[in-house]
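Pasting protein_34.pdb here (PDB, C-alpha atoms):
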```pdb
ATOM      1  CA  MET A   1      -9.729  22.781   3.277
ATOM      2  CA  ALA A   2      -7.401  22.194   6.214
ATOM      3  CA  ASP A   3     -10.323  22.480   8.658
ATOM      4  CA  VAL A   4     -12.308  19.945   6.658
ATOM      5  CA  LEU A   5      -9.366  17.536   6.641
ATOM      6  CA  VAL A   6      -8.858  17.906  10.391
ATOM      7  CA  LYS A   7     -12.532  17.121  10.959
ATOM      8  CA  GLN A   8     -12.332  14.040   8.750
ATOM      9  CA  LEU A   9      -9.209  12.787  10.527
ATOM     10  CA  VAL A  10     -10.717  13.255  13.979
ATOM     11  CA  GLU A  11     -14.011  11.618  12.996
ATOM     12  CA  ALA A  12     -12.069   8.623  11.626
ATOM     13  CA  GLY A  13     -10.132   8.307  14.897
ATOM     14  CA  VAL A  14      -6.780   8.816  13.195
ATOM     15  CA  HIS A  15      -5.472  10.593  16.304
ATOM     16  CA  PHE A  16      -5.897   7.619  18.658
ATOM     17  CA  GLY A  17      -2.603   5.840  19.316
ATOM     18  CA  HIS A  18      -1.781   2.743  21.359
ATOM     19  CA  ARG A  19      -1.564   2.397  25.088
ATOM     20  CA  ALA A  20       1.194   4.582  26.483
ATOM     21  CA  SER A  21       3.019   1.521  27.794
ATOM     22  CA  ARG A  22       3.501   0.248  24.236
ATOM     23  CA  TRP A  23       4.925   3.395  22.684
ATOM     24  CA  ASN A  24       8.135   3.714  20.730
ATOM     25  CA  PRO A  25      10.130   6.699  22.105
ATOM     26  CA  LYS A  26      11.062   7.695  18.549
ATOM     27  CA  MET A  27       7.399   8.589  18.029
ATOM     28  CA  GLY A  28       7.678  11.328  20.667
ATOM     29  CA  PRO A  29       7.698  14.242  18.174
ATOM     30  CA  TYR A  30       4.406  12.998  16.700
ATOM     31  CA  ILE A  31       2.517  12.621  19.995
ATOM     32  CA  TYR A  32       0.328  15.473  21.240
ATOM     33  CA  GLY A  33      -0.383  14.096  24.696
ATOM     34  CA  ARG A  34      -2.055  11.352  26.664
ATOM     35  CA  GLN A  35      -5.716  10.684  27.384
ATOM     36  CA  LYS A  36      -6.003   8.303  30.300
ATOM     37  CA  LEU A  37      -3.730   5.436  29.201
ATOM     38  CA  ILE A  38      -3.834   6.175  25.452
ATOM     39  CA  HIS A  39      -1.389   8.319  23.509
ATOM     40  CA  ILE A  40      -2.981  10.990  21.309
ATOM     41  CA  ILE A  41      -1.274  11.606  17.968
ATOM     42  CA  ASP A  42      -0.723  15.211  16.913
ATOM     43  CA  VAL A  43      -3.138  15.697  14.000
ATOM     44  CA  ARG A  44      -0.947  18.520  12.671
ATOM     45  CA  GLU A  45       1.842  15.986  12.170
ATOM     46  CA  THR A  46      -0.603  13.610  10.490
ATOM     47  CA  ILE A  47      -1.648  16.327   8.040
ATOM     48  CA  ARG A  48       1.976  17.270   7.374
ATOM     49  CA  GLY A  49       2.951  13.682   6.571
ATOM     50  CA  LEU A  50      -0.225  13.039   4.588
ATOM     51  CA  LEU A  51       0.176  16.130   2.380
ATOM     52  CA  ARG A  52       3.825  15.289   1.681
ATOM     53  CA  ALA A  53       2.880  11.727   0.723
ATOM     54  CA  ARG A  54      -0.045  12.963  -1.374
ATOM     55  CA  LYS A  55       2.176  15.342  -3.336
ATOM     56  CA  TYR A  56       4.752  12.612  -3.903
ATOM     57  CA  PHE A  57       2.179  10.023  -5.007
ATOM     58  CA  LYS A  58       0.748  12.499  -7.487
ATOM     59  CA  GLN A  59       4.215  13.071  -8.965
ATOM     60  CA  VAL A  60       4.959   9.353  -9.169
ATOM     61  CA  ALA A  61       1.649   8.622 -10.896
ATOM     62  CA  ALA A  62       2.127  11.525 -13.325
ATOM     63  CA  ALA A  63       5.546  10.117 -14.241
ATOM     64  CA  GLY A  64       3.957   6.762 -15.095
ATOM     65  CA  SER A  65       5.655   4.846 -12.279
ATOM     66  CA  LEU A  66       4.113   2.238  -9.984
ATOM     67  CA  ILE A  67       3.157   2.404  -6.311
ATOM     68  CA  LEU A  68       2.766  -0.920  -4.528
ATOM     69  CA  PHE A  69       0.028  -0.955  -1.860
ATOM     70  CA  VAL A  70       0.719  -3.359   1.018
ATOM     71  CA  GLY A  71      -1.669  -4.108   3.873
ATOM     72  CA  THR A  72      -2.086  -7.689   5.029
ATOM     73  CA  LYS A  73      -3.604  -7.111   8.477
ATOM     74  CA  ARG A  74      -7.287  -7.893   8.783
ATOM     75  CA  GLN A  75      -8.314  -4.248   9.215
ATOM     76  CA  ALA A  76      -6.448  -3.144   6.086
ATOM     77  CA  SER A  77      -6.696  -5.932   3.501
ATOM     78  CA  ASN A  78     -10.090  -5.076   1.978
ATOM     79  CA  THR A  79      -9.346  -1.359   1.843
ATOM     80  CA  ILE A  80      -5.915  -1.868   0.294
ATOM     81  CA  GLU A  81      -7.346  -4.110  -2.401
ATOM     82  CA  ARG A  82     -10.262  -1.795  -3.179
ATOM     83  CA  GLU A  83      -8.291   1.459  -3.312
ATOM     84  CA  ALA A  84      -5.363  -0.040  -5.252
ATOM     85  CA  GLU A  85      -7.738  -1.374  -7.886
ATOM     86  CA  ARG A  86      -9.553   1.975  -8.028
ATOM     87  CA  CYS A  87      -6.370   3.874  -8.847
ATOM     88  CA  GLY A  88      -4.875   1.105 -11.005
ATOM     89  CA  MET A  89      -1.919   0.155  -8.819
ATOM     90  CA  PRO A  90      -0.572  -3.272  -7.731
ATOM     91  CA  PHE A  91      -1.261  -4.509  -4.221
ATOM     92  CA  VAL A  92      -0.565  -7.239  -1.666
ATOM     93  CA  SER A  93      -3.483  -7.729   0.704
ATOM     94  CA  GLN A  94      -3.218 -11.310   1.925
ATOM     95  CA  ARG A  95       0.348 -12.480   2.457
ATOM     96  CA  TRP A  96       3.707 -11.002   1.594
ATOM     97  CA  LEU A  97       5.777 -13.574  -0.256
ATOM     98  CA  GLY A  98       9.447 -13.314   0.631
ATOM     99  CA  GLY A  99      11.366 -11.999  -2.360
ATOM    100  CA  THR A 100       8.421 -10.228  -3.964
ATOM    101  CA  LEU A 101      10.763  -7.301  -4.620
ATOM    102  CA  THR A 102      14.281  -8.639  -4.062
ATOM    103  CA  ASN A 103      13.584 -11.782  -6.105
ATOM    104  CA  PHE A 104      11.083 -10.173  -8.447
ATOM    105  CA  ARG A 105      11.916 -12.253 -11.518
ATOM    106  CA  THR A 106      11.221 -15.530  -9.725
ATOM    107  CA  ILE A 107       7.958 -14.257  -8.269
ATOM    108  CA  ARG A 108       6.890 -13.097 -11.724
ATOM    109  CA  SER A 109       7.591 -16.560 -13.100
ATOM    110  CA  ARG A 110       5.079 -17.995 -10.629
ATOM    111  CA  LEU A 111       2.369 -16.061 -12.411
ATOM    112  CA  SER A 112       2.746 -18.374 -15.398
ATOM    113  CA  ARG A 113       1.752 -21.250 -13.125
ATOM    114  CA  LEU A 114      -1.303 -19.303 -11.966
ATOM    115  CA  GLU A 115      -2.315 -18.670 -15.565
ATOM    116  CA  GLN A 116      -1.811 -22.354 -16.346
ATOM    117  CA  LEU A 117      -4.043 -23.361 -13.437
ATOM    118  CA  GLU A 118      -6.748 -20.922 -14.508
ATOM    119  CA  GLU A 119      -6.622 -22.316 -18.033
ATOM    120  CA  ILE A 120      -6.939 -25.898 -16.775
ATOM    121  CA  LEU A 121      -9.748 -25.168 -14.334
ATOM    122  CA  GLY A 122     -11.649 -23.019 -16.811
ATOM    123  CA  GLY A 123     -11.401 -25.424 -19.749
ATOM    124  CA  GLU A 124     -12.563 -28.882 -20.727
ATOM    125  CA  GLN A 125      -9.263 -30.550 -19.831
ATOM    126  CA  ILE A 126     -10.171 -30.442 -16.139
ATOM    127  CA  SER A 127     -12.463 -33.422 -16.736
ATOM    128  CA  ALA A 128      -9.382 -35.537 -17.542
ATOM    129  CA  TYR A 129      -8.224 -35.251 -13.913
ATOM    130  CA  SER A 130      -9.469 -37.311 -10.998
ATOM    131  CA  LYS A 131     -11.737 -35.744  -8.373
ATOM    132  CA  LYS A 132      -8.849 -35.676  -5.922
ATOM    133  CA  MET A 133      -6.549 -33.982  -8.427
ATOM    134  CA  GLN A 134      -9.227 -31.453  -9.362
ATOM    135  CA  SER A 135      -9.593 -30.549  -5.702
ATOM    136  CA  ALA A 136      -5.811 -30.189  -5.315
ATOM    137  CA  LEU A 137      -5.565 -27.962  -8.407
ATOM    138  CA  ALA A 138      -8.452 -25.793  -7.203
ATOM    139  CA  ARG A 139      -6.806 -25.412  -3.804
ATOM    140  CA  GLU A 140      -3.464 -24.491  -5.380
ATOM    141  CA  ASN A 141      -5.170 -21.992  -7.682
ATOM    142  CA  ARG A 142      -7.050 -20.385  -4.804
ATOM    143  CA  LYS A 143      -3.887 -19.964  -2.744
ATOM    144  CA  MET A 144      -1.835 -18.578  -5.639
ATOM    145  CA  TYR A 145      -4.637 -16.227  -6.660
ATOM    146  CA  GLN A 146      -4.807 -14.730  -3.171
ATOM    147  CA  ASN A 147      -1.045 -14.198  -3.048
ATOM    148  CA  LEU A 148      -0.309 -13.126  -6.614
ATOM    149  CA  ASN A 149      -3.403 -11.632  -8.203
ATOM    150  CA  GLY A 150      -2.662  -8.139  -6.876
ATOM    151  CA  ILE A 151       0.737  -8.031  -8.573
ATOM    152  CA  ARG A 152      -0.382  -9.774 -11.758
ATOM    153  CA  ASN A 153       0.109  -6.603 -13.809
ATOM    154  CA  MET A 154       3.213  -5.341 -11.968
ATOM    155  CA  ASN A 155       5.620  -5.838 -14.870
ATOM    156  CA  ARG A 156       8.416  -3.833 -13.239
ATOM    157  CA  LEU A 157       9.595  -2.838  -9.790
ATOM    158  CA  PRO A 158       7.602  -0.025  -8.172
ATOM    159  CA  GLU A 159       8.914   3.463  -7.546
ATOM    160  CA  CYS A 160       7.291   3.529  -4.124
ATOM    161  CA  LEU A 161       5.768   1.211  -1.525
ATOM    162  CA  LEU A 162       2.821   2.158   0.698
ATOM    163  CA  ALA A 163       2.631   0.015   3.848
ATOM    164  CA  ILE A 164      -0.067   0.039   6.505
ATOM    165  CA  ASP A 165       1.815  -0.535   9.789
ATOM    166  CA  PRO A 166       5.560  -1.084   9.182
ATOM    167  CA  ASN A 167       5.666  -3.467  12.164
ATOM    168  CA  LYS A 168       3.254  -5.833  10.433
ATOM    169  CA  GLU A 169       4.761  -5.240   6.978
ATOM    170  CA  ARG A 170       8.402  -5.176   8.078
ATOM    171  CA  ASN A 171       9.477  -7.707   5.434
ATOM    172  CA  SER A 172       8.082  -5.626   2.573
ATOM    173  CA  VAL A 173       9.591  -2.430   4.015
ATOM    174  CA  ARG A 174      12.947  -4.162   4.441
ATOM    175  CA  GLU A 175      12.969  -5.393   0.828
ATOM    176  CA  ALA A 176      11.963  -1.976  -0.514
ATOM    177  CA  THR A 177      14.655  -0.233   1.527
ATOM    178  CA  LYS A 178      17.269  -2.692   0.313
ATOM    179  CA  LEU A 179      16.429  -1.848  -3.301
ATOM    180  CA  GLY A 180      16.213   1.907  -2.739
ATOM    181  CA  ILE A 181      12.450   1.997  -3.246
ATOM    182  CA  THR A 182      10.806   4.900  -1.398
ATOM    183  CA  THR A 183       8.666   3.748   1.528
ATOM    184  CA  VAL A 184       5.549   5.525   2.779
ATOM    185  CA  SER A 185       3.686   4.194   5.789
ATOM    186  CA  LEU A 186       0.822   4.862   8.171
ATOM    187  CA  ILE A 187       2.585   4.537  11.525
ATOM    188  CA  ASP A 188       1.083   4.230  15.005
ATOM    189  CA  THR A 189       2.714   5.140  18.309
ATOM    190  CA  ASP A 190       4.321   1.697  18.629
ATOM    191  CA  CYS A 191       6.244   2.024  15.343
ATOM    192  CA  ASP A 192       9.746   3.208  14.463
ATOM    193  CA  PRO A 193       9.411   6.179  12.061
ATOM    194  CA  ASP A 194      13.069   5.827  11.054
ATOM    195  CA  LEU A 195      12.229   2.627   9.153
ATOM    196  CA  VAL A 196      10.335   4.496   6.420
ATOM    197  CA  ASP A 197      11.084   7.501   4.213
ATOM    198  CA  LEU A 198       7.727   9.261   4.547
ATOM    199  CA  PRO A 199       5.868   8.461   7.785
ATOM    200  CA  ILE A 200       2.208   9.396   8.213
ATOM    201  CA  PRO A 201       1.490   9.366  11.962
ATOM    202  CA  GLY A 202      -1.940   7.877  12.607
ATOM    203  CA  ASN A 203      -4.041   5.016  13.875
ATOM    204  CA  ASP A 204      -3.081   1.937  11.850
ATOM    205  CA  ASP A 205      -5.614  -0.386  13.514
ATOM    206  CA  SER A 206      -8.875   1.468  12.846
ATOM    207  CA  ILE A 207     -10.636   0.507   9.625
ATOM    208  CA  ARG A 208     -12.001   4.045   9.220
ATOM    209  CA  SER A 209      -8.566   5.564   9.726
ATOM    210  CA  ILE A 210      -6.965   3.245   7.165
ATOM    211  CA  GLU A 211      -9.789   3.873   4.697
ATOM    212  CA  LEU A 212      -9.470   7.657   4.932
ATOM    213  CA  ILE A 213      -5.683   7.794   4.558
ATOM    214  CA  THR A 214      -5.615   5.246   1.739
ATOM    215  CA  ARG A 215      -8.480   6.936  -0.112
ATOM    216  CA  ILE A 216      -6.756  10.329  -0.017
ATOM    217  CA  LEU A 217      -3.546   8.822  -1.407
ATOM    218  CA  ALA A 218      -5.418   6.864  -4.083
ATOM    219  CA  ASP A 219      -7.188  10.079  -5.133
ATOM    220  CA  ALA A 220      -3.772  11.736  -5.533
ATOM    221  CA  ILE A 221      -2.672   8.926  -7.846
ATOM    222  CA  ILE A 222      -5.812   9.298  -9.957
ATOM    223  CA  GLU A 223      -5.235  13.066 -10.190
ATOM    224  CA  GLY A 224      -1.613  12.533 -11.208
ATOM    225  CA  LYS A 225      -2.588  10.118 -13.955
ATOM    226  CA  ALA A 226      -5.292  12.471 -15.222
ATOM    227  CA  GLU A 227      -2.914  15.446 -15.376
ATOM    228  CA  ALA A 228      -0.311  13.362 -17.191
ATOM    229  CA  ALA A 229      -2.922  12.256 -19.730
ATOM    230  CA  VAL A 230      -3.932  15.870 -20.381
ATOM    231  CA  GLU A 231      -0.293  16.944 -20.827
ATOM    232  CA  GLN A 232       0.378  14.048 -23.153
ATOM    233  CA  GLN A 233      -2.677  14.845 -25.258
ATOM    234  CA  ALA A 234      -1.690  18.504 -25.422
ATOM    235  CA  ALA A 235       1.843  17.563 -26.443
ATOM    236  CA  VAL A 236       0.507  15.361 -29.252
ATOM    237  CA  GLU A 237      -1.635  18.220 -30.507
ATOM    238  CA  GLY A 238       1.324  20.601 -30.296
ATOM    239  CA  GLY A 239      -0.185  22.763 -27.579
ATOM    240  CA  ALA A 240       2.263  22.003 -24.750
ATOM    241  CA  PRO A 241       5.829  20.826 -24.239
ATOM    242  CA  GLU A 242       6.680  17.253 -23.400
ATOM    243  CA  PRO A 243       6.292  16.431 -19.668
ATOM    244  CA  ALA A 244       9.459  16.355 -17.542
ATOM    245  CA  ALA A 245      11.517  13.179 -17.230
ATOM    246  CA  ALA A 246      10.169  10.500 -14.884
ATOM    247  CA  ASN A 247      13.234  10.530 -12.634
ATOM    248  CA  ASP A 248      12.839  14.259 -11.919
ATOM    249  CA  ASP A 249       9.080  14.116 -11.329
ATOM    250  CA  ALA A 250       9.226  11.112  -9.030
ATOM    251  CA  ALA A 251      11.869  12.436  -6.657
ATOM    252  CA  PRO A 252      10.576  12.150  -3.061
ATOM    253  CA  PRO A 253      10.119  15.438  -1.211
ATOM    254  CA  ALA A 254      12.940  16.492   1.090
TER     255      ALA A 254
END
```
Before we go any further, please render this structure as structure tokens.
Amino acid sequence: MADVLVKQLVEAGVHFGHRASRWNPKMGPYIYGRQKLIHIIDVRETIRGLLRARKYFKQVAAAGSLILFVGTKRQASNTIEREAERCGMPFVSQRWLGGTLTNFRTIRSRLSRLEQLEEILGGEQISAYSKKMQSALARENRKMYQNLNGIRNMNRLPECLLAIDPNKERNSVREATKLGITTVSLIDTDCDPDLVDLPIPGNDDSIRSIELITRILADAIIEGKAEAAVEQQAAVEGGAPEPAAANDDAAPPA
């Protein structure tokens, strides 16, 4: 299995870092060498970080907690949205609104406005507004939908945050860290690994690299949910003990 994973990582270009002149010295332990002017990431370190994150995500999902997917850069947005929806987790793929985590209650209240706009635009009452007002409401709805739709069903703070490129998503990482939310991130050679709890060294600019890493983590979430469902069903039927408490299951690996 390890050989297959290595092949997939190499084919996706996960091992290609940035130009050597742009590196962050703290990434030294994760760099295998240099090819011409490009740093090459040690795939063994990528696998180590990926397997740790995969195990943790599976535990979090099995405990019924949330993982917030964040990737607003052009190369990541579509993948983040698709994989988060596939595994049933909230996501931010367009723009991080300041206070999404630290001012969660206020952000949640904005969803009522989005629902109000959708009701107006989808009903007969829209005809009571002028053409100019209809256009303004449609524009407001479109903007709010892009920013809030991914967290529409996030009724509580997440246990963990997955960020693609902590340099790009520094505001989300900062908010999560402030609240004690575990941070997992795909980090390139220009990033500071100390900013996140579980770094996954790898190319954070390649679409194929982002797709592979995100898909593996989303699969872990799906597996965790499935195992939890089986345990719960068995417990109801009296064939197995109750699953362990959420706080114990969701503890990040050391």
Exercise. To one decimal place, how far is CA of Lys7 in chain A from CA of Asp197 in chain A in Å?
Worked result: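 Those two atoms sit 26.4 Å apart.
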Exercise. How would you write, as a list in words, the residues chosen by the PyMOL selection byres ((chain A and resi 27) around 8) on this structure?
Worked result: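 Taken on the displayed file, the PyMOL selection byres ((chain A and resi 27) around 8) yields the residues Trp23, Asn24, Pro25, Lys26, Gly28, Pro29, Tyr30, Ile31, Thr189, Asp190, Cys191, Asp192 and Pro193 of chain A.
Nearest to Tyr56 in chain A of all the residues A:Asn203, A:Thr182, A:Gln125, A:Gln94 is A:Thr182, based on all atoms listed in the file.
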Exercise. Which is closer to Arg74 in chain A than all the others in A:Glu237, A:Asp205, A:Glu118, A:Glu159, using only C-alpha atoms?
Worked result: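 Checking each of A:Glu237, A:Asp205, A:Glu118, A:Glu159 against Arg74 in chain A, counting only C-alpha atoms, the winner is A:Asp205.
Proximity to Trp96 in chain A was assessed for A:Ser209, A:Asn171, A:Asn78, A:Thr183 counting all atoms listed in the file; the smallest distance is recorded for A:Asn171.
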